[in-house]
file target.cif (mmCIF, C-alpha atoms)
data_protein
loop_
_atom_site.label_atom_id
_atom_site.label_comp_id
_atom_site.auth_asym_id
_atom_site.auth_seq_id
_atom_site.Cartn_x
_atom_site.Cartn_y
_atom_site.Cartn_z
CA MET B 978 134.91 169.18 99.62
CA ILE B 979 136.71 165.92 100.15
CA ALA B 980 133.54 164.55 101.74
CA ILE B 981 131.56 165.28 98.59
CA ILE B 982 134.29 163.73 96.45
CA GLY B 983 134.16 160.65 98.72
CA LEU B 984 130.39 160.51 98.32
CA VAL B 985 130.61 160.65 94.55
CA VAL B 986 133.43 158.11 94.44
CA GLY B 987 131.45 155.75 96.68
CA VAL B 988 128.33 156.01 94.52
CA VAL B 989 130.31 155.47 91.33
CA LEU B 990 132.16 152.49 92.81
CA GLY B 991 128.89 150.96 94.00
CA LEU B 992 127.31 151.43 90.60
CA PHE B 993 130.19 150.05 88.57
CA LEU B 994 131.53 147.28 90.79
CA THR B 995 128.06 145.91 91.66
CA PRO B 996 129.54 143.86 94.50
CA ASP B 997 127.86 140.67 95.65
CA VAL B 998 126.90 140.89 99.29
CA PRO B 999 127.42 137.60 101.16
CA LEU B 1000 124.10 136.09 102.10
CA SER B 1001 124.95 136.09 105.80
CA LEU B 1002 125.55 139.85 105.75
CA GLU B 1003 122.50 140.71 103.67
CA PRO B 1004 120.07 141.40 106.55
CA TYR B 1005 122.57 143.73 108.27
CA LEU B 1006 123.35 145.94 105.31
CA PRO B 1007 120.20 148.10 105.26
CA ILE B 1008 120.34 148.74 109.02
CA ALA B 1009 124.05 149.47 108.81
CA VAL B 1010 123.40 151.97 106.02
CA VAL B 1011 120.75 153.76 108.05
CA ALA B 1012 123.00 153.81 111.13
CA ALA B 1013 125.88 155.24 109.08
CA LEU B 1014 123.53 157.80 107.61
CA ASP B 1015 122.60 158.83 111.15
CA ALA B 1016 126.29 159.14 112.05
CA VAL B 1017 126.95 161.28 108.96
CA PHE B 1018 124.05 163.63 109.67
CA GLY B 1019 125.11 163.85 113.29
CA ALA B 1020 128.62 164.73 112.19
CA PHE B 1021 127.34 167.36 109.80
CA ARG B 1022 125.28 168.92 112.51
CA ALA B 1023 128.28 168.86 114.87
CA PHE B 1024 130.35 170.48 112.18
CA LEU B 1025 127.85 173.28 111.81
CA ASP B 1026 127.73 173.61 115.59
CA GLY B 1027 131.47 173.94 115.60
CA ILE B 1028 131.99 170.89 117.77
CA PHE B 1029 133.01 168.45 115.06
CA ASP B 1030 135.84 166.04 115.83
CA ASP B 1031 136.99 163.54 113.25
CA LYS B 1032 137.95 160.96 115.87
CA VAL B 1033 134.50 161.19 117.41
CA PHE B 1034 133.02 160.89 113.95
CA VAL B 1035 134.99 157.77 113.10
CA ILE B 1036 134.15 156.10 116.39
CA SER B 1037 130.48 157.04 116.24
CA PHE B 1038 130.26 155.91 112.61
CA ILE B 1039 131.78 152.50 113.30
CA SER B 1040 130.01 151.94 116.61
CA ASN B 1041 126.65 152.94 115.10
CA VAL B 1042 127.10 150.39 112.33
CA LEU B 1043 128.26 147.66 114.69
CA ILE B 1044 125.52 148.24 117.25
CA ALA B 1045 122.85 148.31 114.55
CA ALA B 1046 124.16 145.04 113.12
CA MET B 1047 124.34 143.54 116.60
CA ILE B 1048 120.75 144.50 117.36
CA VAL B 1049 119.56 142.92 114.14
CA PHE B 1050 121.62 139.80 114.87
CA LEU B 1051 120.17 139.61 118.37
CA GLY B 1052 116.66 140.12 117.01
CA ASP B 1053 117.16 137.33 114.51
CA LYS B 1054 118.33 135.01 117.28
CA LEU B 1055 115.36 135.97 119.46
CA GLY B 1056 112.93 135.56 116.61
CA VAL B 1057 111.91 139.23 116.55
CA GLY B 1058 114.37 140.33 113.85
CA ALA B 1059 111.80 142.13 111.72
CA GLN B 1060 110.28 144.04 114.63
CA LEU B 1061 113.66 144.97 116.09
CA SER B 1062 114.89 146.12 112.66
CA THR B 1063 111.82 148.32 112.38
CA GLY B 1064 112.51 149.71 115.84
CA VAL B 1065 116.11 150.52 115.00
CA VAL B 1066 115.09 152.21 111.76
CA VAL B 1067 112.46 154.25 113.58
CA VAL B 1068 114.89 155.41 116.27
CA LEU B 1069 117.59 156.25 113.74
CA GLY B 1070 115.02 157.97 111.56
CA ILE B 1071 113.95 160.18 114.47
CA ARG B 1072 117.58 161.04 115.12
CA ILE B 1073 118.17 161.83 111.48
CA PHE B 1074 115.11 164.07 111.46
CA SER B 1075 116.26 166.00 114.53
CA ASN B 1076 119.76 166.33 113.13
CA VAL B 1077 118.44 167.54 109.81
CA ALA B 1078 116.23 170.02 111.65
CA ALA B 1079 119.28 171.41 113.41
CA ILE B 1080 121.20 171.55 110.14
CA ARG B 1081 118.30 173.32 108.52
CA ARG B 1082 118.26 175.91 111.29
CA HIS B 1083 121.93 176.54 110.72
CA ILE B 1084 121.75 176.88 106.98
CA PHE B 1085 118.40 178.57 106.46
CA HIS B 1086 118.10 180.12 109.92
CA ALA B 1087 114.60 178.70 110.09
CA MET N 865 136.05 169.54 122.23
CA SER N 866 135.76 170.76 118.69
CA ASP N 867 138.77 170.66 116.47
CA PRO N 868 137.87 172.13 113.13
CA GLY N 869 141.42 171.82 111.89
CA PRO N 870 144.87 173.18 112.49
CA ASP N 871 144.50 175.89 109.90
CA ASP N 872 141.39 177.17 111.64
CA ALA N 873 143.25 178.10 114.75
CA PRO N 874 144.21 181.65 113.83
CA ALA N 875 140.94 182.29 112.07
CA PRO N 876 138.71 183.06 115.04
CA ALA N 877 140.70 186.19 115.78
CA ALA N 878 140.52 187.32 112.17
CA ASP N 879 136.78 187.38 111.61
CA ARG N 880 135.03 186.16 114.69
CA PRO N 881 131.41 186.92 113.76
CA ALA N 882 131.68 184.96 110.54
CA GLU N 883 133.39 182.04 112.29
CA ARG N 884 130.45 181.70 114.63
CA SER N 885 128.17 180.85 111.77
CA GLY N 886 128.12 177.20 110.75
CA VAL N 887 127.40 178.15 107.18
CA ASP N 888 130.56 180.18 107.00
CA ARG N 889 132.55 177.30 108.42
CA LEU N 890 131.02 175.10 105.77
CA ARG N 891 131.90 177.55 103.04
CA ARG N 892 135.47 177.82 104.26
CA SER N 893 135.96 174.09 104.62
CA PHE N 894 135.13 173.67 100.95
CA LEU N 895 138.21 175.62 100.10
CA SER N 896 140.57 174.27 102.75
CA PRO N 897 140.91 170.46 102.86
CA SER N 898 142.07 168.89 106.11
CA ARG N 899 142.83 165.49 107.64
CA GLY N 900 139.41 165.39 109.22
CA GLN N 901 137.81 166.00 105.88
CA ALA N 902 139.73 163.12 104.36
CA VAL N 903 138.49 160.77 107.07
CA VAL N 904 134.97 162.02 106.57
CA GLY N 905 135.34 161.59 102.84
CA VAL N 906 136.44 157.99 103.21
CA LEU N 907 133.61 157.11 105.57
CA VAL N 908 131.01 158.93 103.50
CA GLY N 909 132.34 157.05 100.49
CA VAL N 910 131.92 153.77 102.33
CA LEU N 911 128.38 154.81 103.25
CA ALA N 912 127.54 155.73 99.68
CA PHE N 913 128.99 152.47 98.43
CA ALA N 914 126.94 150.44 100.91
CA ALA N 915 123.81 152.46 100.24
CA VAL N 916 124.06 152.00 96.49
CA THR N 917 124.66 148.30 96.96
CA GLN N 918 121.67 148.00 99.24
CA VAL N 919 119.45 149.92 96.84
CA ARG N 920 120.51 147.63 94.06
CA LEU N 921 119.84 144.56 96.25
CA ALA N 922 116.41 145.78 97.25
CA GLY N 923 115.60 146.48 93.61
CA ASP N 924 116.72 143.00 92.62
CA ASP N 925 114.22 141.29 94.85
CA ASP N 926 111.17 139.64 93.41
CA THR N 927 107.86 141.38 92.92
CA TYR N 928 106.47 140.56 96.34
CA SER N 929 109.10 142.57 98.20
CA ASN N 930 107.69 145.80 96.74
CA LEU N 931 104.16 145.11 97.93
CA ARG N 932 102.67 146.66 101.01
CA GLU N 933 101.53 144.48 103.87
CA SER N 934 97.85 144.64 102.96
CA GLU N 935 98.66 143.78 99.38
CA LEU N 936 100.79 140.90 100.56
CA ILE N 937 97.93 139.65 102.71
CA GLN N 938 95.62 139.88 99.73
CA ALA N 939 98.05 138.00 97.53
CA LEU N 940 98.52 135.42 100.25
CA ASN N 941 94.76 134.98 100.63
CA GLY N 942 94.42 134.53 96.90
CA LEU N 943 97.15 131.92 96.85
CA GLN N 944 95.66 130.13 99.82
CA ALA N 945 92.24 130.02 98.21
CA ALA N 946 93.80 128.70 95.01
CA SER N 947 95.72 126.07 96.91
CA ARG N 948 92.58 125.05 98.81
CA ARG N 949 90.72 124.71 95.55
CA ALA N 950 93.56 122.67 94.08
CA GLU N 951 93.62 120.43 97.13
CA ARG N 952 89.89 119.89 96.93
CA ASP N 953 90.26 118.99 93.27
CA ILE N 954 93.06 116.61 94.12
CA ASN N 955 90.94 114.94 96.79
CA ASP N 956 87.98 114.60 94.45
CA LEU N 957 90.08 113.15 91.69
CA GLU N 958 91.83 110.77 94.04
CA ALA N 959 88.50 109.56 95.38
CA THR N 960 87.28 109.01 91.82
CA ARG N 961 90.46 107.20 90.95
CA ASP N 962 90.20 104.94 94.01
CA GLN N 963 86.57 104.20 93.19
CA LEU N 964 87.41 103.30 89.63
CA ARG N 965 90.35 101.21 90.70
CA SER N 966 88.39 99.27 93.30
CA SER N 967 85.48 98.71 90.94
CA THR N 968 87.90 97.51 88.28
CA GLU N 969 89.52 95.19 90.76
CA ARG N 970 86.17 93.89 91.92
CA ARG N 971 85.15 93.29 88.37
CA ALA N 972 88.39 91.51 87.54
CA THR N 973 88.07 89.32 90.63
CA ALA N 974 84.46 88.49 89.87
CA LEU N 975 85.40 87.67 86.31
CA GLU N 976 88.21 85.41 87.46
CA GLN N 977 85.93 83.62 89.89
CA ALA N 978 83.26 83.25 87.26
CA GLN N 979 85.77 81.80 84.83
CA LYS N 980 87.00 79.30 87.42
CA GLU N 981 83.43 78.34 88.15
CA VAL N 982 82.74 77.93 84.46
CA GLN N 983 85.69 75.56 84.24
CA THR N 984 84.55 73.56 87.26
CA LEU N 985 80.95 73.41 86.20
CA GLY N 986 81.97 72.71 82.64
CA VAL N 987 83.87 69.61 83.74
CA LEU N 988 80.93 68.47 85.85
CA ALA N 989 78.37 69.19 83.15
CA GLY N 990 80.51 67.69 80.44
CA THR N 991 80.54 70.82 78.32
CA VAL N 992 84.33 71.11 78.17
CA PRO N 993 87.01 68.52 77.48
CA ALA N 994 88.96 67.41 80.52
CA SER N 995 92.26 65.72 81.13
CA GLY N 996 94.16 64.58 84.17
CA PRO N 997 95.37 61.49 86.01
CA GLY N 998 92.99 58.60 86.14
CA ILE N 999 92.39 55.08 84.83
CA GLN N 1000 91.32 53.42 81.64
CA VAL N 1001 89.05 50.44 82.23
CA THR N 1002 88.55 47.97 79.41
CA VAL N 1003 85.64 45.55 79.83
CA GLU N 1004 85.65 42.65 77.38
CA ASP N 1005 82.53 40.57 76.85
CA PRO N 1006 83.42 37.75 74.46
CA GLU N 1007 80.40 35.62 75.46
CA GLY N 1008 77.78 38.37 75.39
CA GLN N 1009 76.82 37.63 78.98
CA LEU N 1010 77.21 41.07 80.46
CA SER N 1011 74.13 43.13 81.12
CA LEU N 1012 73.55 46.81 81.59
CA ASN N 1013 73.69 46.31 85.33
CA HIS N 1014 77.33 45.37 85.21
CA LEU N 1015 78.16 48.58 83.44
CA LEU N 1016 75.99 50.60 85.80
CA ASP N 1017 77.70 48.96 88.75
CA GLY N 1018 81.05 49.95 87.35
CA ILE N 1019 79.97 53.54 86.77
CA GLU N 1020 78.47 53.66 90.24
CA GLU N 1021 81.65 52.37 91.84
CA LEU N 1022 83.67 54.98 89.98
CA ARG N 1023 81.29 57.72 91.13
CA ASN N 1024 81.54 56.55 94.73
CA ALA N 1025 85.32 56.73 94.40
CA GLY N 1026 85.08 60.37 93.43
CA VAL N 1027 85.49 60.26 89.69
CA GLU N 1028 85.39 63.66 88.07
CA ALA N 1029 84.86 62.95 84.39
CA ILE N 1030 83.87 59.76 82.55
CA GLU N 1031 83.56 58.84 78.95
CA ILE N 1032 82.79 55.50 77.38
CA ASN N 1033 84.32 54.26 74.16
CA ASP N 1034 85.42 57.80 73.34
CA ARG N 1035 81.86 58.43 72.24
CA VAL N 1036 79.69 59.28 75.24
CA ARG N 1037 80.37 61.60 78.14
CA VAL N 1038 78.78 60.33 81.33
CA ILE N 1039 77.28 63.03 83.54
CA ALA N 1040 74.51 63.26 86.11
CA GLN N 1041 71.70 63.14 83.56
CA THR N 1042 73.15 60.36 81.41
CA SER N 1043 70.65 57.61 80.64
CA PHE N 1044 71.45 53.93 80.29
CA GLU N 1045 69.23 51.51 78.36
CA GLU N 1046 69.42 47.93 77.23
CA ASP N 1047 70.01 47.38 73.54
CA PRO N 1048 70.18 44.14 71.56
CA GLU N 1049 73.64 44.99 70.33
CA GLY N 1050 75.04 46.12 73.67
CA VAL N 1051 73.94 49.13 75.66
CA ARG N 1052 72.44 52.47 74.74
CA VAL N 1053 73.94 55.32 76.63
CA ASP N 1054 72.28 58.68 76.08
CA GLY N 1055 70.79 57.23 72.97
CA VAL N 1056 74.14 56.12 71.55
CA VAL N 1057 74.51 52.41 71.01
CA LEU N 1058 77.75 51.09 72.39
CA LYS N 1059 79.13 47.64 71.72
CA PRO N 1060 81.67 45.72 73.70
CA PRO N 1061 84.46 46.02 74.46
CA TYR N 1062 83.66 48.96 76.63
CA VAL N 1063 86.51 51.32 77.28
CA ILE N 1064 85.82 53.65 80.20
CA ASP N 1065 88.09 56.68 80.62
CA ALA N 1066 87.79 58.04 84.18
CA ILE N 1067 89.61 61.03 85.63
CA GLY N 1068 90.25 61.03 89.35
CA ASN N 1069 92.60 59.56 91.92
CA ALA N 1070 93.92 56.51 90.02
CA ASP N 1071 94.53 54.37 93.11
CA THR N 1072 91.13 55.08 94.59
CA LEU N 1073 89.36 54.47 91.29
CA GLY N 1074 91.28 51.27 90.64
CA GLY N 1075 90.60 50.01 94.15
CA ALA N 1076 86.91 50.78 93.82
CA LEU N 1077 86.65 48.41 90.86
CA GLN N 1078 88.83 45.59 92.12
CA PHE N 1079 87.80 44.87 95.70
CA GLN N 1080 86.59 41.42 96.76
CA ASP N 1081 83.23 40.53 95.13
CA GLY N 1082 83.20 43.90 93.44
CA PHE N 1083 82.83 44.97 89.86
CA THR N 1084 85.76 43.02 88.49
CA ASP N 1085 84.78 39.81 90.23
CA ASP N 1086 81.18 40.17 89.04
CA VAL N 1087 82.19 40.66 85.44
CA GLU N 1088 84.65 37.80 85.47
CA ARG N 1089 82.09 35.50 87.08
CA ASP N 1090 79.82 36.17 84.11
CA GLY N 1091 82.49 35.40 81.56
CA GLY N 1092 83.87 38.87 80.93
CA SER N 1093 87.22 40.34 81.69
CA VAL N 1094 88.29 43.66 83.14
CA SER N 1095 91.64 45.33 82.75
CA VAL N 1096 92.42 48.51 84.65
CA LYS N 1097 95.24 50.70 83.39
CA LYS N 1098 96.39 53.62 85.50
CA ALA N 1099 97.66 56.61 83.61
CA ASP N 1100 99.13 59.94 84.57
CA ARG N 1101 97.09 61.57 81.86
CA VAL N 1102 93.67 60.49 80.69
CA ASP N 1103 91.90 62.58 78.09
CA VAL N 1104 88.16 62.95 78.12
CA ASN N 1105 87.45 64.73 74.88
CA VAL N 1106 83.76 64.08 74.29
CA THR N 1107 81.56 66.98 75.25
CA ARG N 1108 77.84 67.54 75.58
CA THR N 1109 75.84 70.59 74.77
CA PRO N 1110 74.43 72.03 77.95
CA VAL N 1111 70.70 71.62 78.39
CA ARG N 1112 68.66 74.25 80.15
CA PRO N 1113 66.67 72.59 82.90
CA ARG N 1114 62.96 72.58 82.11
CA TYR N 1115 61.58 72.23 85.62
CA ALA N 1116 64.28 73.11 88.08
CA GLU N 1117 64.98 76.74 88.72
CA ALA N 1118 67.94 78.12 90.57
CA VAL N 1119 67.00 79.79 93.84
CA PRO N 1120 68.43 83.28 93.63
CA GLY N 1121 70.62 84.68 96.36
CA GLN N 1122 72.15 81.34 97.36
#

call {"tool": "encode", "arguments": {"input": "target.cif", "output": "structure tokens"}}
result
Amino acid sequence: MIAIIGLVVGVVLGLFLTPDVPLSLEPYLPIAVVAALDAVFGAFRAFLDGIFDDKVFVISFISNVLIAAMIVFLGDKLGVGAQLSTGVVVVLGIRIFSNVAAIRRHIFHA
Amino acid sequence: MSDPGPDDAPAPAADRPAERSGVDRLRRSFLSPSRGQAVVGVLVGVLAFAAVTQVRLAGDDDTYSNLRESELIQALNGLQAASRRAERDINDLEATRDQLRSSTERRATALEQAQKEVQTLGVLAGTVPASGPGIQVTVEDPEGQLSLNHLLDGIEELRNAGVEAIEINDRVRVIAQTSFEEDPEGVRVDGVVLKPPYVIDAIGNADTLGGALQFQDGFTDDVERDGGSVSVKKADRVDVNVTRTPVRPRYAEAVPGQ
């Protein structure tokens, strides 16, 4: 319940504040969002599995975001930023898909 | 490992089969907020905030960011072709401009040279007035003893000394084709009868011209021996104002290409 309220509050804040992202952070934001999305789906799946732990969630959320940003940073420094970003998105996308599949099995039993 | 919440602890005993189902846990958690849910709510809020921001950023980008790779390549090819065309046009136009500029410069240079030549030839041919340093020679002949030869000698000496323009008595310009004839009243130069005293304006190096007339047994001595007198006046500026109309040569032809 509180999670849904947080979601709505976040969307509303994003829509109404329209914050300016610093230029140096701009390349990391999309990857960070995808990584956080992965963490959230993972947490949801863990919750449905009955193994959810908020501490684990917080740590995985933050570390996912940081690692994703670090990979992009590293890729930019190595000159393969675009390719590495694509790789990260693909990996996280696969994880999200598998998590969602598990969630689906829980909810729809299919 | 799992810690659904402190209030969940007694629940498993109450209805164990329902607790096993994730959906039931979900349903129950809607109704019973916990610390874990608050943390999740905050983080999910952060995620939503970032996601909305990113969506807005991506939407703000210019038109090219929405194109697929193949479309981008197409657009790029089009731009490259256009830029190549523009560069070719620029090169063509620059070449034309350079051609026009160089031809204009050539023409201007040729015109300048031609004008200089006209000036030079005009002075030599007597078609333009001339002025410059030189001498004014006055030959007096009170006894009527001087002949045409004296005058010709004088002119010849001046020519040897490098005179550039000569006129006599402000009436006749002396050039290469000038004729000299005897006349009862004096001399006839180019058909014009001149009477003494003869005043010869000569443009050239004044010292050289003066020296050419006054050396031992030269023009001055000859004239004075025959009863005349010669006075040579050097001037910084001698004007030769008489001009002749140019005459097209009847027999001589210029050899082209020289």

call {"tool": "atom_distance", "arguments": {"input": "target.cif", "atom1": "atom CA of Ser995 of chain N", "atom2": "atom CA of Asp1103 of chain N"}}
result
4.4 Å

call {"tool": "residues_near_point", "arguments": {"input": "target.cif", "point": "(119.4, 143.5, 112.7)", "cutoff": "12 Å", "atoms": "all atoms listed in the file", "output": "ChimeraX atom specification"}}
result
/B:1001-1012,1042-1066

call {"tool": "atom_distance", "arguments": {"input": "target.cif", "atom1": "atom CA of Val1001 of chain N", "atom2": "atom CA of Ser1095 of chain N"}}
result
5.8 Å

call {"tool": "residues_around", "arguments": {"input": "target.cif", "residues": "Leu992 of chain B", "least_positions_apart": "6", "cutoff": "12 Å", "atoms": "only C-alpha atoms", "output": "ChimeraX atom specification"}}
result
/B:985-986 /N:912-921

call {"tool": "closest_residue", "arguments": {"input": "target.cif", "among": "N:Pro993, N:Gly998, N:Gly1068, N:Gly1092", "to": "Leu1010 of chain N", "atoms": "all atoms listed in the file"}}
result
N:Gly1092

call {"tool": "resolve_selection", "arguments": {"input": "target.cif", "expression": "the PyMOL selection byres ((chain N) within 10 of (chain B))", "output": "ChimeraX atom specification"}}
result
/N:865-869,883-922

call {"tool": "write_last_selection", "arguments": {"input": "target.cif", "atoms": "C-alpha atoms", "output": "mmCIF file, keeping the file's coordinate frame"}}
result
data_model
loop_
_atom_site.group_PDB
_atom_site.id
_atom_site.type_symbol
_atom_site.label_atom_id
_atom_site.label_comp_id
_atom_site.auth_asym_id
_atom_site.auth_seq_id
_atom_site.Cartn_x
_atom_site.Cartn_y
_atom_site.Cartn_z
ATOM 1 C CA MET N 865 136.050 169.540 122.230
ATOM 2 C CA SER N 866 135.760 170.760 118.690
ATOM 3 C CA ASP N 867 138.770 170.660 116.470
ATOM 4 C CA PRO N 868 137.870 172.130 113.130
ATOM 5 C CA GLY N 869 141.420 171.820 111.890
ATOM 6 C CA GLU N 883 133.390 182.040 112.290
ATOM 7 C CA ARG N 884 130.450 181.700 114.630
ATOM 8 C CA SER N 885 128.170 180.850 111.770
ATOM 9 C CA GLY N 886 128.120 177.200 110.750
ATOM 10 C CA VAL N 887 127.400 178.150 107.180
ATOM 11 C CA ASP N 888 130.560 180.180 107.000
ATOM 12 C CA ARG N 889 132.550 177.300 108.420
ATOM 13 C CA LEU N 890 131.020 175.100 105.770
ATOM 14 C CA ARG N 891 131.900 177.550 103.040
ATOM 15 C CA ARG N 892 135.470 177.820 104.260
ATOM 16 C CA SER N 893 135.960 174.090 104.620
ATOM 17 C CA PHE N 894 135.130 173.670 100.950
ATOM 18 C CA LEU N 895 138.210 175.620 100.100
ATOM 19 C CA SER N 896 140.570 174.270 102.750
ATOM 20 C CA PRO N 897 140.910 170.460 102.860
ATOM 21 C CA SER N 898 142.070 168.890 106.110
ATOM 22 C CA ARG N 899 142.830 165.490 107.640
ATOM 23 C CA GLY N 900 139.410 165.390 109.220
ATOM 24 C CA GLN N 901 137.810 166.000 105.880
ATOM 25 C CA ALA N 902 139.730 163.120 104.360
ATOM 26 C CA VAL N 903 138.490 160.770 107.070
ATOM 27 C CA VAL N 904 134.970 162.020 106.570
ATOM 28 C CA GLY N 905 135.340 161.590 102.840
ATOM 29 C CA VAL N 906 136.440 157.990 103.210
ATOM 30 C CA LEU N 907 133.610 157.110 105.570
ATOM 31 C CA VAL N 908 131.010 158.930 103.500
ATOM 32 C CA GLY N 909 132.340 157.050 100.490
ATOM 33 C CA VAL N 910 131.920 153.770 102.330
ATOM 34 C CA LEU N 911 128.380 154.810 103.250
ATOM 35 C CA ALA N 912 127.540 155.730 99.680
ATOM 36 C CA PHE N 913 128.990 152.470 98.430
ATOM 37 C CA ALA N 914 126.940 150.440 100.910
ATOM 38 C CA ALA N 915 123.810 152.460 100.240
ATOM 39 C CA VAL N 916 124.060 152.000 96.490
ATOM 40 C CA THR N 917 124.660 148.300 96.960
ATOM 41 C CA GLN N 918 121.670 148.000 99.240
ATOM 42 C CA VAL N 919 119.450 149.920 96.840
ATOM 43 C CA ARG N 920 120.510 147.630 94.060
ATOM 44 C CA LEU N 921 119.840 144.560 96.250
ATOM 45 C CA ALA N 922 116.410 145.780 97.250
#

call {"tool": "resolve_selection", "arguments": {"input": "target.cif", "expression": "the PyMOL selection byres ((chain N and resi 1062) around 12)", "output": "ChimeraX atom specification"}}
result
/N:1000-1006,1010,1012,1014-1015,1018-1019,1031-1036,1050-1053,1057-1061,1063-1065,1092-1096

call {"tool": "residues_around", "arguments": {"input": "target.cif", "residues": "Ala994 of chain N", "least_positions_apart": "5", "cutoff": "8 Å", "atoms": "all atoms listed in the file", "output": "mmCIF file with C-alpha atoms, in the coordinates of the input"}}
result
data_model
loop_
_atom_site.group_PDB
_atom_site.id
_atom_site.type_symbol
_atom_site.label_atom_id
_atom_site.label_comp_id
_atom_site.auth_asym_id
_atom_site.auth_seq_id
_atom_site.Cartn_x
_atom_site.Cartn_y
_atom_site.Cartn_z
ATOM 1 C CA VAL N 987 83.870 69.610 83.740
ATOM 2 C CA ALA N 1029 84.860 62.950 84.390
ATOM 3 C CA ASP N 1103 91.900 62.580 78.090
ATOM 4 C CA VAL N 1104 88.160 62.950 78.120
ATOM 5 C CA ASN N 1105 87.450 64.730 74.880
#

call {"tool": "atom_distance", "arguments": {"input": "target.cif", "atom1": "atom CA of Gln1009 of chain N", "atom2": "atom CA of Gly1026 of chain N"}}
result
28.2 Å

call {"tool": "resolve_selection", "arguments": {"input": "target.cif", "expression": "the PyMOL selection byres ((chain N and resi 1083) around 10)", "output": "VMD selection string"}}
result
chain N and resid 1014 to 1021 1076 to 1082 1084 to 1089 1094

call {"tool": "closest_residue", "arguments": {"input": "target.cif", "among": "N:Glu1117, N:Leu985, N:Glu933, N:Ser1011", "to": "Glu1049 of chain N", "atoms": "all atoms listed in the file"}}
result
N:Ser1011

call {"tool": "build_atoms", "arguments": {"input": "target.cif", "residues": "segment 999-1013 of chain B", "atoms": "N, CA and C atoms", "output": "compact mmCIF listing (two decimals), in the frame of the given file"}}
result
# COMPACT_ATOMS: atom_id res chain seq x y z
N PRO B 999 127.61 138.97 100.64
CA PRO B 999 127.42 137.60 101.16
C PRO B 999 126.04 137.46 101.80
N LEU B 1000 125.47 136.29 101.64
CA LEU B 1000 124.10 136.09 102.10
C LEU B 1000 123.97 136.31 103.61
N SER B 1001 125.03 135.96 104.33
CA SER B 1001 124.95 136.09 105.80
C SER B 1001 124.94 137.55 106.23
N LEU B 1002 125.49 138.43 105.39
CA LEU B 1002 125.55 139.85 105.75
C LEU B 1002 124.34 140.62 105.23
N GLU B 1003 123.55 139.99 104.37
CA GLU B 1003 122.50 140.71 103.67
C GLU B 1003 121.49 141.38 104.61
N PRO B 1004 121.05 140.72 105.69
CA PRO B 1004 120.07 141.40 106.55
C PRO B 1004 120.65 142.61 107.29
N TYR B 1005 121.99 142.65 107.47
CA TYR B 1005 122.57 143.73 108.27
C TYR B 1005 122.83 144.98 107.44
N LEU B 1006 122.95 144.81 106.13
CA LEU B 1006 123.35 145.94 105.31
C LEU B 1006 122.39 147.12 105.39
N PRO B 1007 121.08 146.93 105.23
CA PRO B 1007 120.20 148.10 105.26
C PRO B 1007 120.25 148.83 106.59
N ILE B 1008 120.27 148.09 107.70
CA ILE B 1008 120.34 148.74 109.02
C ILE B 1008 121.66 149.47 109.18
N ALA B 1009 122.74 148.83 108.71
CA ALA B 1009 124.05 149.47 108.81
C ALA B 1009 124.07 150.77 108.02
N VAL B 1010 123.44 150.75 106.84
CA VAL B 1010 123.40 151.97 106.02
C VAL B 1010 122.65 153.07 106.75
N VAL B 1011 121.52 152.73 107.34
CA VAL B 1011 120.75 153.76 108.05
C VAL B 1011 121.53 154.29 109.24
N ALA B 1012 122.21 153.39 109.97
CA ALA B 1012 123.00 153.81 111.13
C ALA B 1012 124.13 154.74 110.69
N ALA B 1013 124.79 154.40 109.59
CA ALA B 1013 125.88 155.24 109.08
C ALA B 1013 125.35 156.59 108.65
